[in-house]
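Colleague: Sharing a structure, written as structure tokens. Questions coming.
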Amino acid sequence: MSEQSKSSQAPDRTPRVVIVGAGIAGVQTAVALREQGWRGAITLLGDEPHQPYDRPPLSKAVLLGKADGSAFDVDFPALGIDLQLSRPVTGLAPDAHVVETADGPVPYDYAVIATGADPIHLPGGESQPGVHLLRTLDDAERLRPVLAAGKRIVVVGAGWIGAEFATAARESGCPVTVVEASDRPLAGALPAEVAGHMTSWYTEAGAELRTGVPVDSVRPGAVELADGTTLPADAVVVGIGARPATGWLGGSGIELAPQDGSVVADKWLHTSAPDVFAVGDCASFPSARYGRRLLIHHWDNALQGPRTVAENIARGAAPGMVYDPVPYFWSEQFGRFVQYAGHHPAADTLVWRGDPAGAAWTVLWLREGALVALLAVGRPRDLAQGRKLIERGTRLDPDRAALASVPLKSAAR
């Protein structure tokens, strides 16, 4: 604990961690603090009225009516966690060691920023009826009857969320058109030689994919494209990305990255302010493994990062635990289980395992012979073995690695 927080803490007062954000990163931080032996107070602030819930089922079971919700199985009272719902924050005052809310300030000895990311709105679509996002439980509940009624749907954006929603909509029997401004699906996530093989998945599932054409405007019952095409639409679902939810930090002095607005965290997930940490979708961190700062908007990062934050808070002045994971995420789309591990932009070699026209295949990215990333479609064993190889910085024999019948770990040099 810094001298500043020591001086602000009365001798007879229990030290308090205030966690801003009750998504997976915030909840896991609170739970991990107890697991690490933190005996002080824990306050968890959430801006929604719902009990904290997991987001991945929103685009699957909840959306399809197979589940009513996805609340975390956490007994907050039993863990001594003060969960305060419907309490959005308005600011942070590091000098005073308080989190500002509309209902008054909340003092802290340590604060954890875990506010996640906000979806990007379609310009001009914010106030249009029938235009939806898929980020919250309320979003999923509003969309569920649309799918159940088999409505005509236009999905804007062929990224991970767009593909997953289109998958659910087709499973419900809805006519679906997916519109993507780039020339291919997943253009922001994967190179053309890989993402191009995923284009046919839409057609096979009965969805129409239109690439290379942005949306010009949205009006009731229709979407106008920049090429003059009018698409009939009973509902429009927007999945064009997300930005770190950090606008509330304006004036706090917390350093934000100019390129993406993320909280700039160090290798211990400290922020630029004493006693303040940041974790999950809202924070970027330096990766020694990849030699660059990473901003990861995926579930596994929001699960792993809290363990580092909790341990570093519980240690107090002891040397901190460094956060430098191998990024990982998965997506279920059009009957395929897609998994990714690592970070490929710095790779210099691409190796294929299997036929990308088939049902199961893997792409490997190497840098100076070492495996740095892989994408596995229907090959979970490749992912499990490859993730360990990436963690170890293992060099591979590219010719042997290309043999899909050979276990990936057998290609290690």
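Scheme for the structure tokens: letters A, B, ... for chains in order shown; per-chain residue numbers from 1; ligand numbers from 1 in order shown.
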Just list as a PyMOL selection string whatever in range 124-253 of chain A DSSP marks as alpha helix (DSSP H).
Modeller: chain A and resi 137-148+160-171+192-195+199-204
Colleague: Could you tell me, as a PyMOL selection string, which residues of range 187-401 of chain A DSSP assigns to strand (DSSP E) when given the backbone?
Modeller: chain A and resi 208-211+215-219+222-225+230-232+235-238+242-244+263-264+276-278+283-287+292-295+328-333+336-342+349-353+361-367+370-377
Colleague: Smallest atom-to-atom distance to Ile42 in chain A: which of A:Ala370, A:Arg170, A:Ala310, A:Val263, using only C-alpha atoms?
Modeller: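 The shortest atom-to-atom distance to Ile42 in chain A comes from A:Ala310.
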Colleague: Using only C-alpha atoms for the distances, tell me which of A:Gly173, A:Gly250, A:Gly342, A:Gly124 is nearest to Ala149 in chain A.
Modeller: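 Nearest candidate to Ala149 in chain A out of A:Gly173, A:Gly250, A:Gly342, A:Gly124: A:Gly173.
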Colleague: Neighbouring residues of Arg292 in chain A were defined as those with any atom within 12 Å, considering only C-alpha atoms; residues of the same chain fewer than 3 positions away were excluded. Please report them as a PDB file with N, CA and C atoms, in the first residue's frame.
Modeller:
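The result, stored in part_26.pdb:
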ATOM      1  N   ASP A 266       0.502  -1.201 -16.334  1.00  0.00           N
ATOM      2  CA  ASP A 266       1.862  -1.725 -16.467  1.00  0.00           C
ATOM      3  C   ASP A 266       1.826  -3.250 -16.379  1.00  0.00           C
ATOM      4  N   LYS A 267       2.987  -3.859 -16.287  1.00  0.00           N
ATOM      5  CA  LYS A 267       3.045  -5.323 -16.332  1.00  0.00           C
ATOM      6  C   LYS A 267       2.438  -5.979 -15.093  1.00  0.00           C
ATOM      7  N   SER A 284      -5.164  -1.999 -21.366  1.00  0.00           N
ATOM      8  CA  SER A 284      -4.085  -2.554 -22.181  1.00  0.00           C
ATOM      9  C   SER A 284      -2.856  -2.731 -21.298  1.00  0.00           C
ATOM     10  N   PHE A 285      -2.017  -3.677 -21.678  1.00  0.00           N
ATOM     11  CA  PHE A 285      -0.844  -3.994 -20.850  1.00  0.00           C
ATOM     12  C   PHE A 285       0.334  -4.352 -21.758  1.00  0.00           C
ATOM     13  N   PRO A 286       1.562  -4.147 -21.281  1.00  0.00           N
ATOM     14  CA  PRO A 286       2.727  -4.471 -22.106  1.00  0.00           C
ATOM     15  C   PRO A 286       3.024  -5.967 -22.068  1.00  0.00           C
ATOM     16  N   SER A 287       3.248  -6.549 -23.232  1.00  0.00           N
ATOM     17  CA  SER A 287       3.582  -7.967 -23.310  1.00  0.00           C
ATOM     18  C   SER A 287       5.046  -8.123 -23.706  1.00  0.00           C
ATOM     19  N   ALA A 288       5.847  -8.659 -22.796  1.00  0.00           N
ATOM     20  CA  ALA A 288       7.238  -8.960 -23.136  1.00  0.00           C
ATOM     21  C   ALA A 288       7.292 -10.098 -24.147  1.00  0.00           C
ATOM     22  N   ARG A 289       6.323 -10.989 -24.089  1.00  0.00           N
ATOM     23  CA  ARG A 289       6.262 -12.136 -25.000  1.00  0.00           C
ATOM     24  C   ARG A 289       6.140 -11.683 -26.453  1.00  0.00           C
ATOM     25  N   LEU A 295      -4.322  -5.014 -26.138  1.00  0.00           N
ATOM     26  CA  LEU A 295      -5.680  -4.751 -25.665  1.00  0.00           C
ATOM     27  C   LEU A 295      -6.517  -5.931 -26.136  1.00  0.00           C
ATOM     28  N   ASP A 324       1.398 -11.559 -18.275  1.00  0.00           N
ATOM     29  CA  ASP A 324       1.811 -11.660 -19.676  1.00  0.00           C
ATOM     30  C   ASP A 324       1.292 -12.979 -20.245  1.00  0.00           C
ATOM     31  N   HIS A 343      -0.779 -14.282 -30.633  1.00  0.00           N
ATOM     32  CA  HIS A 343      -0.869 -12.960 -31.260  1.00  0.00           C
ATOM     33  C   HIS A 343      -0.016 -13.026 -32.522  1.00  0.00           C
ATOM     34  N   HIS A 344      -0.665 -12.944 -33.692  1.00  0.00           N
ATOM     35  CA  HIS A 344       0.016 -13.280 -34.938  1.00  0.00           C
ATOM     36  C   HIS A 344       0.643 -12.125 -35.731  1.00  0.00           C
ATOM     37  N   PRO A 345       0.318 -10.844 -35.471  1.00  0.00           N
ATOM     38  CA  PRO A 345       0.801  -9.796 -36.378  1.00  0.00           C
ATOM     39  C   PRO A 345       2.311  -9.745 -36.591  1.00  0.00           C
ATOM     40  N   ALA A 346       3.099 -10.176 -35.613  1.00  0.00           N
ATOM     41  CA  ALA A 346       4.558 -10.104 -35.770  1.00  0.00           C
ATOM     42  C   ALA A 346       5.152 -11.366 -36.399  1.00  0.00           C
TER      43      ALA A 346
END
Colleague: Neighbouring residues of Glu141 in chain A were defined as those with any atom within 10 Å, considering only C-alpha atoms; residues of the same chain fewer than 5 positions away were excluded. Please report them as a list in words.
Modeller: Leu58, Val62, Leu63, Leu64, Gly65, Asp68, Gly69, Leu134, Thr136 and Val146 of chain A
Colleague: Nearest residue to Gly228 in chain A out of A:Arg307, A:Asp399, A:Leu85, A:Val213, using only C-alpha atoms?
Modeller: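 With only C-alpha atoms as the atom set, the closest residue is A:Val213.
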Colleague: What lies within 12 Å of Gln333 in chain A using only C-alpha atoms, ignoring chain neighbours under 6 positions off, as a VMD selection string?
Modeller: chain A and resid 59 to 60 158 to 171 198 to 199 201 to 202 204 to 205 207 339 377 to 378
Colleague: Name all residues at most 9 Å from Ala117 in chain A (count only C-alpha atoms; drop same-chain ones fewer than 3 positions away) and give them as a list in words.
Modeller: Ala242, Arg243, Pro244, Ala245, Thr246, Gly280, Asp281, Cys282 and His297 of chain A
Colleague: Go ahead and compute the interatomic distance for CA of Gly116 in chain A and CA of Gln84 in chain A, in Å to one decimal.
Modeller: 17.2 Å
